[in-house]
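Q: Below is the file data.txt, with compact mmCIF, C-alpha atoms and all ligand atoms.
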```txt
# COMPACT_ATOMS: atom_id res chain seq x y z
CA MET J 1 84.94 67.01 72.55
CA ALA J 2 81.95 68.75 71.09
CA ASP J 3 78.74 66.79 70.61
CA PRO J 4 78.40 65.24 67.17
CA ILE J 5 75.69 67.03 65.20
CA THR J 6 72.76 64.69 65.56
CA PRO J 7 69.13 65.64 66.07
CA GLU J 8 69.59 64.47 69.66
CA ALA J 9 72.59 66.75 70.23
CA LEU J 10 70.88 69.69 68.57
CA PHE J 11 67.84 69.04 70.72
CA ARG J 12 69.96 69.04 73.87
CA ARG J 13 71.74 72.23 72.88
CA ARG J 14 68.50 73.97 72.06
CA ARG J 15 67.09 72.99 75.43
CA GLU J 16 70.23 74.19 77.22
CA PHE J 17 69.91 77.50 75.41
CA LEU J 18 66.26 77.81 76.32
CA GLN J 19 66.97 76.83 79.90
CA ASN J 20 69.71 79.45 80.16
CA ALA J 21 67.42 82.00 78.63
CA GLY J 22 64.76 81.06 81.17
CA LEU J 23 62.31 80.22 78.43
CA LEU J 24 61.74 76.53 78.92
CA ALA J 25 59.45 76.70 81.93
CA ALA J 26 57.35 79.45 80.37
CA THR J 27 53.68 78.61 80.22
CA ALA J 28 51.98 77.72 76.99
CA VAL J 29 48.33 78.57 76.59
CA VAL J 30 46.12 75.73 75.47
CA THR J 31 44.69 76.61 72.11
CA GLY J 32 42.90 73.31 71.68
CA GLY J 33 40.12 72.22 73.95
CA SER J 34 39.12 69.62 76.45
CA LEU J 35 37.23 66.48 75.55
CA TYR J 36 35.54 66.49 78.87
CA ALA J 37 33.51 69.69 78.45
CA ALA J 38 31.09 67.81 76.22
CA SER J 39 30.12 65.40 78.98
CA GLY J 40 28.92 68.24 81.17
CA GLY J 41 32.23 68.53 82.99
CA GLY J 42 32.80 72.15 81.93
CA ALA J 43 35.73 73.35 79.82
CA ARG J 44 38.74 73.73 82.05
CA ARG J 45 41.39 75.79 80.38
CA ARG J 46 44.64 75.74 82.26
CA ALA J 47 48.09 77.11 81.70
CA GLU J 48 50.55 74.24 81.37
CA THR J 49 54.25 73.93 81.97
CA PHE J 50 56.61 71.56 80.22
CA ALA J 51 60.06 71.37 81.66
CA GLY J 52 60.91 67.77 80.82
CA PRO J 53 64.56 66.77 80.52
CA ALA J 54 66.01 65.56 77.23
CA PRO J 55 65.77 61.76 76.81
CA GLN J 56 68.61 60.07 78.72
CA ALA J 57 70.01 58.02 75.86
CA PRO J 58 70.06 58.46 72.09
CA MET J 59 66.83 57.03 70.75
CA PRO J 60 65.46 56.57 67.25
CA THR J 61 63.77 59.69 65.94
CA GLY J 62 60.14 59.98 64.90
CA PRO J 63 58.60 59.03 61.55
CA ASP J 64 59.88 62.16 59.77
CA GLY J 65 63.09 62.69 61.71
CA GLU J 66 61.03 64.42 64.38
CA GLN J 67 62.34 64.67 67.91
CA LEU J 68 60.90 62.20 70.40
CA THR J 69 58.77 63.68 73.14
CA SER J 70 60.67 63.46 76.43
CA LEU J 71 59.98 60.51 78.70
CA ARG J 72 58.98 62.98 81.37
CA ASP J 73 56.29 64.63 79.24
CA VAL J 74 55.00 61.27 77.98
CA THR J 75 54.58 60.02 81.55
CA SER J 76 53.32 63.19 83.23
CA TYR J 77 50.88 64.80 80.77
CA ASN J 78 48.11 62.26 80.34
CA ASN J 79 44.44 61.72 79.68
CA PHE J 80 43.17 58.84 81.78
CA TYR J 81 39.82 59.82 83.25
CA GLU J 82 39.71 56.79 85.53
CA PHE J 83 42.25 58.77 87.60
CA GLY J 84 40.66 62.21 87.25
CA LEU J 85 40.18 65.16 84.91
CA GLU J 86 43.53 66.91 85.11
CA LYS J 87 46.54 66.06 82.97
CA GLU J 88 48.67 65.48 86.06
CA ASP J 89 46.14 63.27 87.93
CA PRO J 90 47.13 59.97 86.24
CA ALA J 91 50.83 60.24 87.16
CA ALA J 92 50.03 61.44 90.68
CA LEU J 93 47.60 58.57 91.38
CA ALA J 94 49.10 55.82 89.20
CA SER J 95 50.43 53.76 92.11
CA ARG J 96 46.86 53.02 93.22
CA LEU J 97 46.29 50.68 90.28
CA THR J 98 47.36 47.10 91.07
CA LEU J 99 49.12 45.79 87.96
CA ARG J 100 49.64 42.13 88.91
CA PRO J 101 48.05 39.66 88.60
CA TRP J 102 46.47 40.87 85.33
CA THR J 103 44.72 38.96 82.61
CA LEU J 104 43.57 39.94 79.13
CA SER J 105 40.81 37.87 77.56
CA VAL J 106 40.11 37.66 73.85
CA GLU J 107 36.61 36.40 73.18
CA GLY J 108 33.35 36.75 71.23
CA GLU J 109 33.28 35.84 67.54
CA VAL J 110 36.44 33.73 67.66
CA ASN J 111 37.00 30.01 67.25
CA GLU J 112 39.65 29.78 69.96
CA PRO J 113 38.95 32.24 72.80
CA ARG J 114 41.87 32.69 75.17
CA THR J 115 42.73 34.39 78.41
CA PHE J 116 46.33 35.51 78.71
CA ASN J 117 48.24 36.18 81.84
CA ILE J 118 49.86 39.49 80.93
CA ASP J 119 53.43 38.23 81.31
CA ALA J 120 52.67 35.20 79.12
CA LEU J 121 51.21 37.49 76.45
CA THR J 122 54.48 39.28 75.83
CA LYS J 123 56.28 35.93 75.59
CA ALA J 124 53.72 34.39 73.24
CA PHE J 125 54.10 37.03 70.52
CA PRO J 126 57.08 38.92 69.08
CA LEU J 127 57.75 42.20 70.86
CA GLU J 128 58.19 45.07 68.39
CA ASP J 129 59.58 48.62 68.60
CA ARG J 130 57.45 51.29 66.92
CA VAL J 131 58.00 55.04 66.99
CA TYR J 132 54.64 56.70 66.32
CA ARG J 133 53.17 60.17 66.22
CA PHE J 134 50.34 60.40 68.71
CA ARG J 135 47.66 63.06 68.08
CA CYS J 136 45.11 63.83 70.77
CA VAL J 137 41.69 65.14 69.70
CA GLU J 138 42.45 68.13 71.96
CA ALA J 139 44.98 69.29 69.31
CA TRP J 140 48.24 68.40 71.07
CA SER J 141 50.63 65.70 69.93
CA MET J 142 53.69 63.69 70.91
CA VAL J 143 56.16 61.29 69.28
CA ILE J 144 56.48 58.12 71.35
CA PRO J 145 58.79 55.08 71.10
CA TRP J 146 56.48 52.18 71.98
CA GLN J 147 57.11 48.48 72.50
CA GLY J 148 54.32 46.01 71.99
CA ILE J 149 52.81 43.26 69.92
CA ALA J 150 51.02 43.65 66.61
CA LEU J 151 47.31 43.31 67.36
CA ARG J 152 46.99 41.23 64.20
CA ALA J 153 49.25 38.53 65.67
CA LEU J 154 46.93 38.16 68.66
CA LEU J 155 43.74 38.20 66.56
CA ASP J 156 45.11 35.61 64.15
CA ALA J 157 45.88 33.35 67.12
CA VAL J 158 42.23 33.29 68.30
CA LYS J 159 40.89 32.66 64.77
CA PRO J 160 38.05 35.15 64.14
CA THR J 161 34.79 33.62 62.86
CA SER J 162 33.27 34.79 59.58
CA ARG J 163 30.79 36.87 61.61
CA ALA J 164 33.52 39.00 63.27
CA LYS J 165 33.34 42.54 61.82
CA TYR J 166 34.43 44.77 64.72
CA VAL J 167 36.79 44.57 67.68
CA VAL J 168 35.84 46.00 71.09
CA PHE J 169 38.43 47.04 73.69
CA GLU J 170 37.46 47.26 77.36
CA SER J 171 39.51 48.95 80.06
CA VAL J 172 39.68 47.83 83.68
CA VAL J 173 36.88 48.63 86.17
CA ARG J 174 38.07 49.05 89.76
CA PRO J 175 36.36 51.99 91.49
CA GLU J 176 38.26 51.21 94.70
CA GLU J 177 41.55 51.99 92.94
CA LEU J 178 40.37 54.49 90.36
CA PRO J 179 38.89 57.70 91.81
CA GLY J 180 37.43 58.85 88.48
CA GLN J 181 35.34 55.67 88.43
CA LYS J 182 34.16 56.20 91.97
CA ALA J 183 33.17 59.76 90.98
CA GLN J 184 31.39 58.40 87.88
CA LEU J 185 33.08 60.92 85.57
CA LEU J 186 32.16 58.78 82.56
CA PRO J 187 30.17 55.59 82.01
CA TRP J 188 32.56 52.70 82.77
CA PRO J 189 34.25 50.63 81.56
CA TYR J 190 36.00 52.88 79.04
CA VAL J 191 35.20 51.16 75.75
CA GLU J 192 36.66 51.66 72.29
CA GLY J 193 36.24 49.86 69.01
CA LEU J 194 37.76 49.34 65.58
CA ARG J 195 36.55 47.75 62.38
CA LEU J 196 38.24 44.34 61.99
CA ASP J 197 40.31 45.53 59.01
CA GLU J 198 41.55 48.53 61.04
CA ALA J 199 42.45 46.22 63.92
CA MET J 200 44.33 43.96 61.50
CA ASN J 201 46.32 46.82 59.94
CA ASP J 202 50.09 46.56 60.40
CA LEU J 203 50.21 49.82 62.35
CA THR J 204 47.80 48.76 65.11
CA LEU J 205 49.72 47.91 68.25
CA LEU J 206 49.00 46.49 71.69
CA ALA J 207 51.61 48.41 73.64
CA THR J 208 53.21 47.03 76.78
CA GLY J 209 56.13 49.44 77.07
CA LEU J 210 57.61 52.77 76.02
CA TYR J 211 61.14 54.13 75.97
CA GLY J 212 62.32 50.54 76.51
CA LYS J 213 60.57 50.16 79.88
CA PRO J 214 57.30 48.52 80.91
CA LEU J 215 54.35 50.93 80.67
CA GLU J 216 53.55 52.92 83.76
CA ALA J 217 49.95 52.98 84.93
CA GLN J 218 49.36 56.54 83.71
CA ASN J 219 50.10 55.38 80.14
CA GLY J 220 47.76 52.39 80.39
CA ALA J 221 49.78 49.61 82.00
CA PRO J 222 50.06 46.76 81.62
CA VAL J 223 48.63 46.76 78.10
CA ARG J 224 46.91 49.41 75.95
CA LEU J 225 45.89 49.96 72.38
CA VAL J 226 47.80 52.33 70.05
CA VAL J 227 46.20 53.34 66.72
CA PRO J 228 48.46 56.09 65.38
CA TRP J 229 46.27 57.38 62.51
CA LYS J 230 43.32 57.98 64.85
CA TYR J 231 42.77 60.50 67.61
CA GLY J 232 44.25 59.41 70.92
CA PHE J 233 40.93 58.59 72.56
CA LYS J 234 40.70 55.42 70.42
CA SER J 235 43.82 54.10 72.19
CA ALA J 236 42.10 52.52 75.21
CA LYS J 237 44.29 51.92 78.25
CA SER J 238 44.72 49.16 80.86
CA LEU J 239 42.81 46.58 78.82
CA VAL J 240 41.20 43.52 80.37
CA ARG J 241 38.99 42.33 77.52
CA ILE J 242 39.03 42.28 73.72
CA ARG J 243 35.79 41.14 72.09
CA LEU J 244 35.12 40.41 68.44
CA VAL J 245 31.56 41.25 67.43
CA GLU J 246 29.27 41.45 64.44
CA GLU J 247 27.83 44.97 64.89
CA GLN J 248 29.51 48.34 65.33
CA PRO J 249 29.86 48.73 69.11
CA ALA J 250 28.88 51.68 71.29
CA THR J 251 32.10 53.46 72.34
CA THR J 252 32.64 55.77 75.30
CA TRP J 253 33.18 59.22 73.75
CA ASN J 254 30.81 58.57 70.87
CA VAL J 255 28.06 57.76 73.40
CA VAL J 256 28.90 60.74 75.66
CA ALA J 257 29.09 63.32 72.82
CA PRO J 258 28.17 61.87 69.40
CA THR J 259 28.35 65.21 67.58
CA GLU J 260 31.92 65.78 68.80
CA TYR J 261 33.51 62.31 68.67
CA GLY J 262 32.78 59.92 65.83
CA PHE J 263 33.33 56.17 65.81
CA PHE J 264 36.08 56.41 63.19
CA ALA J 265 38.03 59.32 64.73
CA ASN J 266 40.61 59.38 61.94
CA VAL J 267 42.97 62.34 62.32
CA ASN J 268 41.64 64.82 59.77
CA PRO J 269 42.80 68.46 59.59
CA SER J 270 39.90 69.38 57.32
CA VAL J 271 37.14 68.30 59.72
CA ASP J 272 37.11 70.61 62.73
CA HIS J 273 35.87 69.65 66.15
CA PRO J 274 32.68 71.68 66.79
CA ARG J 275 34.54 73.67 69.47
CA TRP J 276 38.04 74.02 67.97
CA SER J 277 40.08 73.67 64.79
CA GLN J 278 41.87 70.43 63.96
CA ALA J 279 44.06 72.08 61.29
CA THR J 280 47.11 72.46 63.55
CA GLU J 281 48.53 70.92 66.69
CA ARG J 282 50.85 71.79 69.54
CA ARG J 283 53.69 69.25 69.73
CA ILE J 284 54.38 68.85 73.44
CA GLY J 285 57.89 70.17 74.18
CA GLU J 286 57.99 72.43 71.10
CA ALA J 287 57.19 76.10 70.66
CA GLY J 288 54.58 77.07 68.10
CA ARG J 289 52.21 74.83 66.21
CA ARG J 290 52.54 72.28 63.42
CA PRO J 291 50.07 71.57 60.65
CA THR J 292 48.10 68.41 61.33
CA LEU J 293 48.53 65.74 58.65
CA PRO J 294 45.65 63.68 57.20
CA PHE J 295 45.60 60.31 58.97
CA ASN J 296 48.33 61.79 61.19
CA GLY J 297 50.78 61.24 58.33
CA TYR J 298 50.01 57.52 57.92
CA GLY J 299 47.79 57.89 54.83
CA ASP J 300 50.07 55.68 52.71
CA GLN J 301 49.28 52.78 54.98
CA VAL J 302 45.63 53.38 55.85
CA ALA J 303 43.84 55.70 53.39
CA SER J 304 42.81 52.67 51.30
CA LEU J 305 40.73 51.40 54.24
CA TYR J 306 38.34 54.33 53.66
CA ARG J 307 38.08 54.35 49.88
CA GLY J 308 34.61 55.60 48.95
CA VAL J 309 33.81 56.65 52.54
CA ASP J 310 32.66 60.25 53.13
CA LEU J 311 35.10 61.20 55.89
CA THR J 312 33.18 64.34 56.80
CA ARG J 313 30.11 62.25 57.59
CA PHE J 314 31.95 59.29 59.07
CA PHE J 315 34.34 61.39 61.17
N1 LIG J 401 41.80 54.97 78.03
C1 LIG J 401 41.08 54.93 79.17
N2 LIG J 401 40.79 53.74 79.72
N3 LIG J 401 40.64 56.06 79.79
C2 LIG J 401 40.88 57.30 79.26
O1 LIG J 401 40.45 58.32 79.84
N4 LIG J 401 41.93 58.57 77.43
C3 LIG J 401 42.21 58.52 76.00
C4 LIG J 401 43.20 57.40 75.66
N5 LIG J 401 42.84 56.17 76.33
C5 LIG J 401 41.63 57.37 78.04
C6 LIG J 401 42.09 56.16 77.47
C7 LIG J 401 42.73 59.78 75.49
S1 LIG J 401 41.60 61.03 75.35
C8 LIG J 401 44.02 59.96 75.09
S2 LIG J 401 44.52 61.37 74.30
C9 LIG J 401 45.02 58.90 75.33
O2 LIG J 401 44.51 57.81 76.05
C10 LIG J 401 46.18 59.50 76.10
O3 LIG J 401 47.23 58.58 76.20
P1 LIG J 401 48.59 59.01 76.94
O4 LIG J 401 48.16 59.62 78.25
O5 LIG J 401 49.37 57.75 77.12
O6 LIG J 401 49.25 60.00 76.06
```
Give the structure from the file, written as structure tokens.

A:
Amino acid sequence: MADPITPEALFRRRREFLQNAGLLAATAVVTGGSLYAASGGGARRRAETFAGPAPQAPMPTGPDGEQLTSLRDVTSYNNFYEFGLEKEDPAALASRLTLRPWTLSVEGEVNEPRTFNIDALTKAFPLEDRVYRFRCVEAWSMVIPWQGIALRALLDAVKPTSRAKYVVFESVVRPEELPGQKAQLLPWPYVEGLRLDEAMNDLTLLATGLYGKPLEAQNGAPVRLVVPWKYGFKSAKSLVRIRLVEEQPATTWNVVAPTEYGFFANVNPSVDHPRWSQATERRIGEAGRRPTLPFNGYGDQVASLYRGVDLTRFF
């Protein structure tokens, strides 16, 4: 019997057609840029290939009925500089990162600091499914089905003090396992931050899985941040520490290249990166480009956080 006409079936048929026509493995030229050039690493423009298979099972579609990015692309095209500069380095070297035992501490301006064993964390809070658009500052994007816990649930549990204004996220430091740390590609640990109200927003997720499986190291196992209305670099991976603080923290890319990467990093098609446009994006797995949406399409839920803020100055 013929496939029912679902986005999934259409997607599969389109891919079969492209495969037969020999088009799917064609290279796509990067029209965005590389974050790393700003840190003195030199712009490396490479041709890329995407030949990921269709997802194995029917999955929910993206926020606007968009097709999910294939599991293969999500797990093989990554930015994770602890493993190296190239998009394929994280998947190739992922097995070097020891994922257990692993603890995540939540500390600083809180009344009840706690340290969670990672497996206890996912039992202590409800696990949620969230399909989000994910927009990298390099002007490519994906649609990813995550599993995780609402960051707000965790923050409520540690009871922030009245002085807590920002939340700091710190990734793991293990130069023996992470060649990009040994090579000192960036200052480590990788640090990101949010204002407390951003961290408390319903959309903000601590992800522990994707496509119904535990995260793999290249995606930030065992636990990483996901902030879908901000550029991907805010979504710090392989977290070991969350700290609530009074002052706006120094964050990795903002320290390395302050004119290129702001603290807020809200997806904004009308504020270009100094070296490339942010008006459009290349959806991984698709031909052509899509217009980029303000706040990555999540304005209904987050624009009010920035009322009265000049988003060209606070980019
Ligand atoms: N977290 C750490 N610790 N190190 C990194 O290099 N890269 C960031 C972000 N989190 C990064 C990180 C960037 S630039 C992006 S676009 C996303 O992770 C990529 O996430 P993905 O590989 O799961 O798509």

Q: Which protein, DNA or RNA residues are at most 12 Å from (53.1, 58.7, 61.2) in the file's coordinates when you count all atoms listed in the file, listed as an MDAnalysis selection string?

A: chainID J and resid 61:66 130:135 141:145 203:204 227:230 267 292:302

Q: Go through the chains and note each residue within 6 Å of ligand LIG 401 (chain J), using all atoms listed in the file, then give the set as an NGL selection string.

A: :J and (78-82 or 136 or 171 or 190 or 219 or 232-233 or 235-237)

Q: Determine, counting all atoms listed in the file, which protein, DNA and RNA residues have an atom within 12 Å of an atom of segment 247-256 of chain J; residues of the same chain fewer than 6 positions away are not included. Present the result as a PyMOL selection string.

A: chain J and resi 35-41+81+108-109+137+163-171+185-196+231-236+262-265+314-315

Q: When distances are computed from only C-alpha atoms, which of J:Ser95, J:Ser304, J:Ser162, J:Asn117 shows the smallest separation from Leu178 of chain J?

A: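 Checking each of J:Ser95, J:Ser304, J:Ser162, J:Asn117 against Leu178 of chain J, counting only C-alpha atoms, the winner is J:Ser95.
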
Q: For segment 153-155 of chain J, please output as a VMD selection string all residues within 8 Å (counting only C-alpha atoms; exclusion window: fewer than 4 positions along the same chain).

A: chain J and resid 125 149 159 to 160 200

Q: Name the closest residue to Ala279 of chain J among the candidates J:Ala91, J:Val110, J:Ala139, J:Ala150; distances are taken between atoms, counting only C-alpha atoms.

A: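 Residue with the minimum atom-to-atom distance to Ala279 of chain J: J:Ala139.
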
Q: Go ahead and compute the interatomic distance for atom CA of Phe116 of chain J and atom CA of Ala94 of chain J, in Å to one decimal.

A: 23.0 Å
